[in-house]
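File shown: run.pdb (PDB, C-alpha atoms).
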```pdb
ATOM      1  CA  MET A   1       0.000   0.000   0.000
ATOM      2  CA  SER A   2       1.390   3.385  -0.941
ATOM      3  CA  LYS A   3       2.027   6.044   1.661
ATOM      4  CA  ALA A   4      -0.686   8.284   0.154
ATOM      5  CA  LEU A   5      -3.358   5.618   0.754
ATOM      6  CA  LYS A   6      -2.580   5.613   4.482
ATOM      7  CA  ILE A   7      -3.011   9.378   4.888
ATOM      8  CA  THR A   8      -6.317  10.387   6.433
ATOM      9  CA  ILE A   9      -8.344  13.364   5.380
ATOM     10  CA  ASP A  10      -7.979  14.942   8.837
ATOM     11  CA  GLU A  11      -4.598  16.507   8.144
ATOM     12  CA  TYR A  12      -5.949  18.535   5.209
ATOM     13  CA  VAL A  13      -9.465  19.476   6.326
ATOM     14  CA  SER A  14     -10.246  23.175   6.525
ATOM     15  CA  PRO A  15     -12.266  24.398   9.485
ATOM     16  CA  VAL A  16     -15.722  25.782   8.776
ATOM     17  CA  SER A  17     -16.297  29.137  10.412
ATOM     18  CA  VAL A  18     -19.429  30.129   8.502
ATOM     19  CA  THR A  19     -22.526  28.067   7.827
ATOM     20  CA  ALA A  20     -26.097  28.836   6.813
ATOM     21  CA  SER A  21     -29.526  27.479   7.650
ATOM     22  CA  GLU A  22     -32.019  26.296   5.063
ATOM     23  CA  ASP A  23     -34.352  29.247   5.704
ATOM     24  CA  MET A  24     -31.644  31.886   5.192
ATOM     25  CA  LEU A  25     -32.281  34.183   2.227
ATOM     26  CA  LEU A  26     -30.050  33.443  -0.733
ATOM     27  CA  SER A  27     -28.953  37.086  -0.833
ATOM     28  CA  ASP A  28     -27.661  36.736   2.746
ATOM     29  CA  VAL A  29     -25.885  33.457   1.928
ATOM     30  CA  SER A  30     -24.235  35.086  -1.078
ATOM     31  CA  LYS A  31     -23.175  38.080   1.010
ATOM     32  CA  LEU A  32     -21.628  35.811   3.665
ATOM     33  CA  MET A  33     -19.673  33.902   1.040
ATOM     34  CA  ARG A  34     -18.360  37.092  -0.565
ATOM     35  CA  GLU A  35     -17.435  38.712   2.754
ATOM     36  CA  HIS A  36     -15.445  35.682   3.892
ATOM     37  CA  GLY A  37     -14.065  34.656   0.506
ATOM     38  CA  PHE A  38     -15.593  31.168   0.623
ATOM     39  CA  ARG A  39     -16.517  29.143  -2.456
ATOM     40  CA  HIS A  40     -18.691  26.671  -0.517
ATOM     41  CA  ILE A  41     -21.037  27.075   2.423
ATOM     42  CA  PRO A  42     -22.565  24.138   4.288
ATOM     43  CA  ILE A  43     -26.259  24.290   5.130
ATOM     44  CA  LEU A  44     -26.923  22.877   8.576
ATOM     45  CA  LYS A  45     -29.886  21.775  10.641
ATOM     46  CA  GLY A  46     -28.469  21.889  14.150
ATOM     47  CA  GLN A  47     -24.924  20.609  13.650
ATOM     48  CA  LYS A  48     -25.897  18.161  10.887
ATOM     49  CA  PRO A  49     -25.204  19.047   7.258
ATOM     50  CA  ILE A  50     -28.283  18.824   5.033
ATOM     51  CA  GLY A  51     -26.973  20.684   2.008
ATOM     52  CA  ILE A  52     -24.244  22.794   0.453
ATOM     53  CA  ILE A  53     -24.167  25.836  -1.805
ATOM     54  CA  SER A  54     -21.236  26.755  -3.994
ATOM     55  CA  ASP A  55     -20.364  30.068  -5.577
ATOM     56  CA  ARG A  56     -21.052  28.337  -8.894
ATOM     57  CA  ASP A  57     -24.633  27.549  -7.799
ATOM     58  CA  ILE A  58     -25.166  31.219  -7.021
ATOM     59  CA  SER A  59     -23.534  32.496 -10.216
ATOM     60  CA  LEU A  60     -25.824  30.266 -12.294
ATOM     61  CA  LEU A  61     -28.776  32.202 -10.848
ATOM     62  CA  ASP A  62     -27.339  35.652 -11.541
ATOM     63  CA  SER A  63     -29.245  35.878 -14.822
ATOM     64  CA  LEU A  64     -32.612  35.569 -13.091
ATOM     65  CA  GLU A  65     -34.567  38.729 -12.481
ATOM     66  CA  ASP A  66     -35.753  38.421  -8.897
ATOM     67  CA  LEU A  67     -33.885  36.331  -6.356
ATOM     68  CA  SER A  68     -35.237  38.152  -3.318
ATOM     69  CA  ASP A  69     -37.580  35.346  -2.251
ATOM     70  CA  LEU A  70     -35.160  32.454  -2.708
ATOM     71  CA  THR A  71     -33.783  30.701   0.351
ATOM     72  CA  ALA A  72     -30.819  28.399   0.812
ATOM     73  CA  ALA A  73     -33.213  25.427   0.702
ATOM     74  CA  ASP A  74     -34.336  26.472  -2.781
ATOM     75  CA  ILE A  75     -30.918  26.043  -4.381
ATOM     76  CA  MET A  76     -28.778  23.953  -2.044
ATOM     77  CA  VAL A  77     -27.490  20.602  -3.174
ATOM     78  CA  LYS A  78     -29.300  18.256  -0.830
ATOM     79  CA  ASN A  79     -27.490  15.360   0.792
ATOM     80  CA  PRO A  80     -23.990  16.579  -0.065
ATOM     81  CA  TYR A  81     -21.091  14.157  -0.186
ATOM     82  CA  CYS A  82     -19.845  13.626   3.368
ATOM     83  CA  ALA A  83     -16.999  11.553   4.745
ATOM     84  CA  TYR A  84     -16.100  10.811   8.322
ATOM     85  CA  SER A  85     -12.981  12.055  10.018
ATOM     86  CA  GLY A  86     -10.331   9.370   9.637
ATOM     87  CA  THR A  87     -11.322   8.420   6.087
ATOM     88  CA  SER A  88      -8.363   8.000   3.733
ATOM     89  CA  ILE A  89      -7.563  10.970   1.546
ATOM     90  CA  SER A  90      -7.477   8.701  -1.499
ATOM     91  CA  GLU A  91     -11.067   7.567  -0.885
ATOM     92  CA  VAL A  92     -12.358  11.128  -0.493
ATOM     93  CA  ALA A  93     -10.418  12.376  -3.540
ATOM     94  CA  PHE A  94     -11.690   9.442  -5.608
ATOM     95  CA  GLU A  95     -15.313  10.159  -4.649
ATOM     96  CA  MET A  96     -14.951  13.880  -5.371
ATOM     97  CA  SER A  97     -13.419  13.111  -8.765
ATOM     98  CA  SER A  98     -16.036  10.480  -9.617
ATOM     99  CA  ARG A  99     -18.877  12.800  -8.675
ATOM    100  CA  LYS A 100     -17.202  15.849 -10.256
ATOM    101  CA  ILE A 101     -17.642  17.930  -7.110
ATOM    102  CA  GLY A 102     -15.378  20.523  -5.531
ATOM    103  CA  SER A 103     -15.784  19.684  -1.866
ATOM    104  CA  ALA A 104     -16.592  17.089   0.749
ATOM    105  CA  LEU A 105     -18.059  17.821   4.151
ATOM    106  CA  ILE A 106     -16.161  16.033   6.894
ATOM    107  CA  LEU A 107     -18.139  14.718   9.861
ATOM    108  CA  THR A 108     -17.365  13.713  13.404
ATOM    109  CA  SER A 109     -18.238  10.180  14.497
ATOM    110  CA  GLU A 110     -21.549  11.641  15.760
ATOM    111  CA  GLY A 111     -22.383  12.991  12.294
ATOM    112  CA  ASP A 112     -21.799  16.649  13.157
ATOM    113  CA  LEU A 113     -19.912  18.918  10.782
ATOM    114  CA  ASP A 114     -16.180  18.845  11.535
ATOM    115  CA  GLY A 115     -14.776  20.664   8.490
ATOM    116  CA  ILE A 116     -14.616  20.816   4.723
ATOM    117  CA  PHE A 117     -12.169  19.289   2.267
ATOM    118  CA  THR A 118     -12.013  21.188  -1.008
ATOM    119  CA  SER A 119     -10.237  20.592  -4.284
ATOM    120  CA  ILE A 120      -7.708  23.233  -3.167
ATOM    121  CA  ASP A 121      -7.049  21.218   0.005
ATOM    122  CA  GLY A 122      -6.539  18.207  -2.251
ATOM    123  CA  LEU A 123      -4.006  20.073  -4.366
ATOM    124  CA  ASN A 124      -2.139  21.156  -1.236
ATOM    125  CA  ALA A 125      -2.056  17.533  -0.070
ATOM    126  CA  LEU A 126      -0.756  16.437  -3.461
ATOM    127  CA  ILE A 127       2.054  19.008  -3.300
ATOM    128  CA  GLU A 128       3.109  17.701   0.122
ATOM    129  CA  ILE A 129       2.935  14.074  -1.010
ATOM    130  CA  VAL A 130       4.932  14.690  -4.193
ATOM    131  CA  ARG A 131       7.551  16.689  -2.312
ATOM    132  CA  GLY A 132       7.784  13.943   0.283
ATOM    133  CA  ASP A 133       6.694  16.230   3.140
ATOM    134  CA  VAL A 134       4.414  13.505   4.542
TER     135      VAL A 134
END
```
As structure tokens - that is how I would like this structure written.
Amino acid sequence: MSKALKITIDEYVSPVSVTASEDMLLSDVSKLMREHGFRHIPILKGQKPIGIISDRDISLLDSLEDLSDLTAADIMVKNPYCAYSGTSISEVAFEMSSRKIGSALILTSEGDLDGIFTSIDGLNALIEIVRGDV
């Protein structure tokens, strides 16, 4: 087994400091993402992820006339790809590639949101692996 297959996702997960609820207005979600420079925002019910919105999802709606009534629930991707802390990085990267998605929500053993692993995190991991930093 290669060294990369033994590496868990935990080392490369980014913390999530901003989340949204399903009833939040889309304009407020978009504002939060812009203010913090995030490309993905998890949608939570309590501490459990129920959806995710990406900047791409929002930009696809920019051509619509009136977005004032839309909420996060209206456009979020329901049941986003999630992996548990401790999952191998190769498994998460494979799933993201297979599904053609830019992020994975990482959960605690209780199913609460622990962090996010994005394609940028994956590239950073690849750099470390190739350089032999791991």
Which residue gives the smallest distance to Gly86 (chain A) among A:Thr108, A:Ala72, A:Ile58, A:Ile43, with all atoms listed in the file counted?
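Checking each of A:Thr108, A:Ala72, A:Ile58, A:Ile43 against Gly86 (chain A), counting all atoms listed in the file, the winner is A:Thr108.
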To verify the selection step, state as number ranges by chain which residues the PyMOL selection byres ((chain A and resi 112) around 10) yields on this input.
A: 44-49, 84, 105-111, 113-115
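Among the candidates A:Ser17, A:Tyr81, A:Leu123, A:Asp62, the residue lying nearest to Ser98 (chain A) is A:Tyr81 (atoms considered: all atoms listed in the file).
Matched in the shown structure by the PyMOL selection byres ((chain A and resi 22) around 10): Ala20, Ser21, Asp23, Met24, Leu25, Leu26, Val29, Pro42, Ile43, Leu44, Lys45, Ile50, Gly51, Ile52, Thr71, Ala72, Ala73, Asp74, Ile75 and Met76 of chain A.
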Mind giving me the straight-line distance from CA of Asp55 (chain A) to CA of Val92 (chain A) in Å, one decimal?
21.2 Å
Might you spell out which residues the PyMOL selection byres ((chain A and resi 118) around 10) would select in the displayed file, as a PyMOL selection string?
chain A and resi 12-14+39-40+93+96+101-105+115-117+119-124
Separation of CA of Leu32 (chain A) from CA of Ile53 (chain A) in Å:
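Taking CA of Ile53 (chain A) and CA of Leu32 (chain A), their separation equals 11.7 Å.
In this model, the gap between CA of Pro15 (chain A) and CA of Arg34 (chain A) comes to 17.3 Å.
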Among the residues A:Asn79, A:Ser68, A:Ser27, A:Thr19, the one that comes closest to Ile41 (chain A) [using only C-alpha atoms]
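Between A:Asn79, A:Ser68, A:Ser27, A:Thr19, the residue approaching Ile41 (chain A) most closely is A:Thr19.
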Padding of 3 Å on every side, edges along x, y and z, all listed atoms of region 8-24 of chain A included: what centre and edge lengths in Å, to one decimal, does that box have, as AutoDock Vina command-line options?
```
--center_x -19.5 --center_y 21.1 --center_z 7.7 --size_x 35.8 --size_y 27.5 --size_z 11.3
```
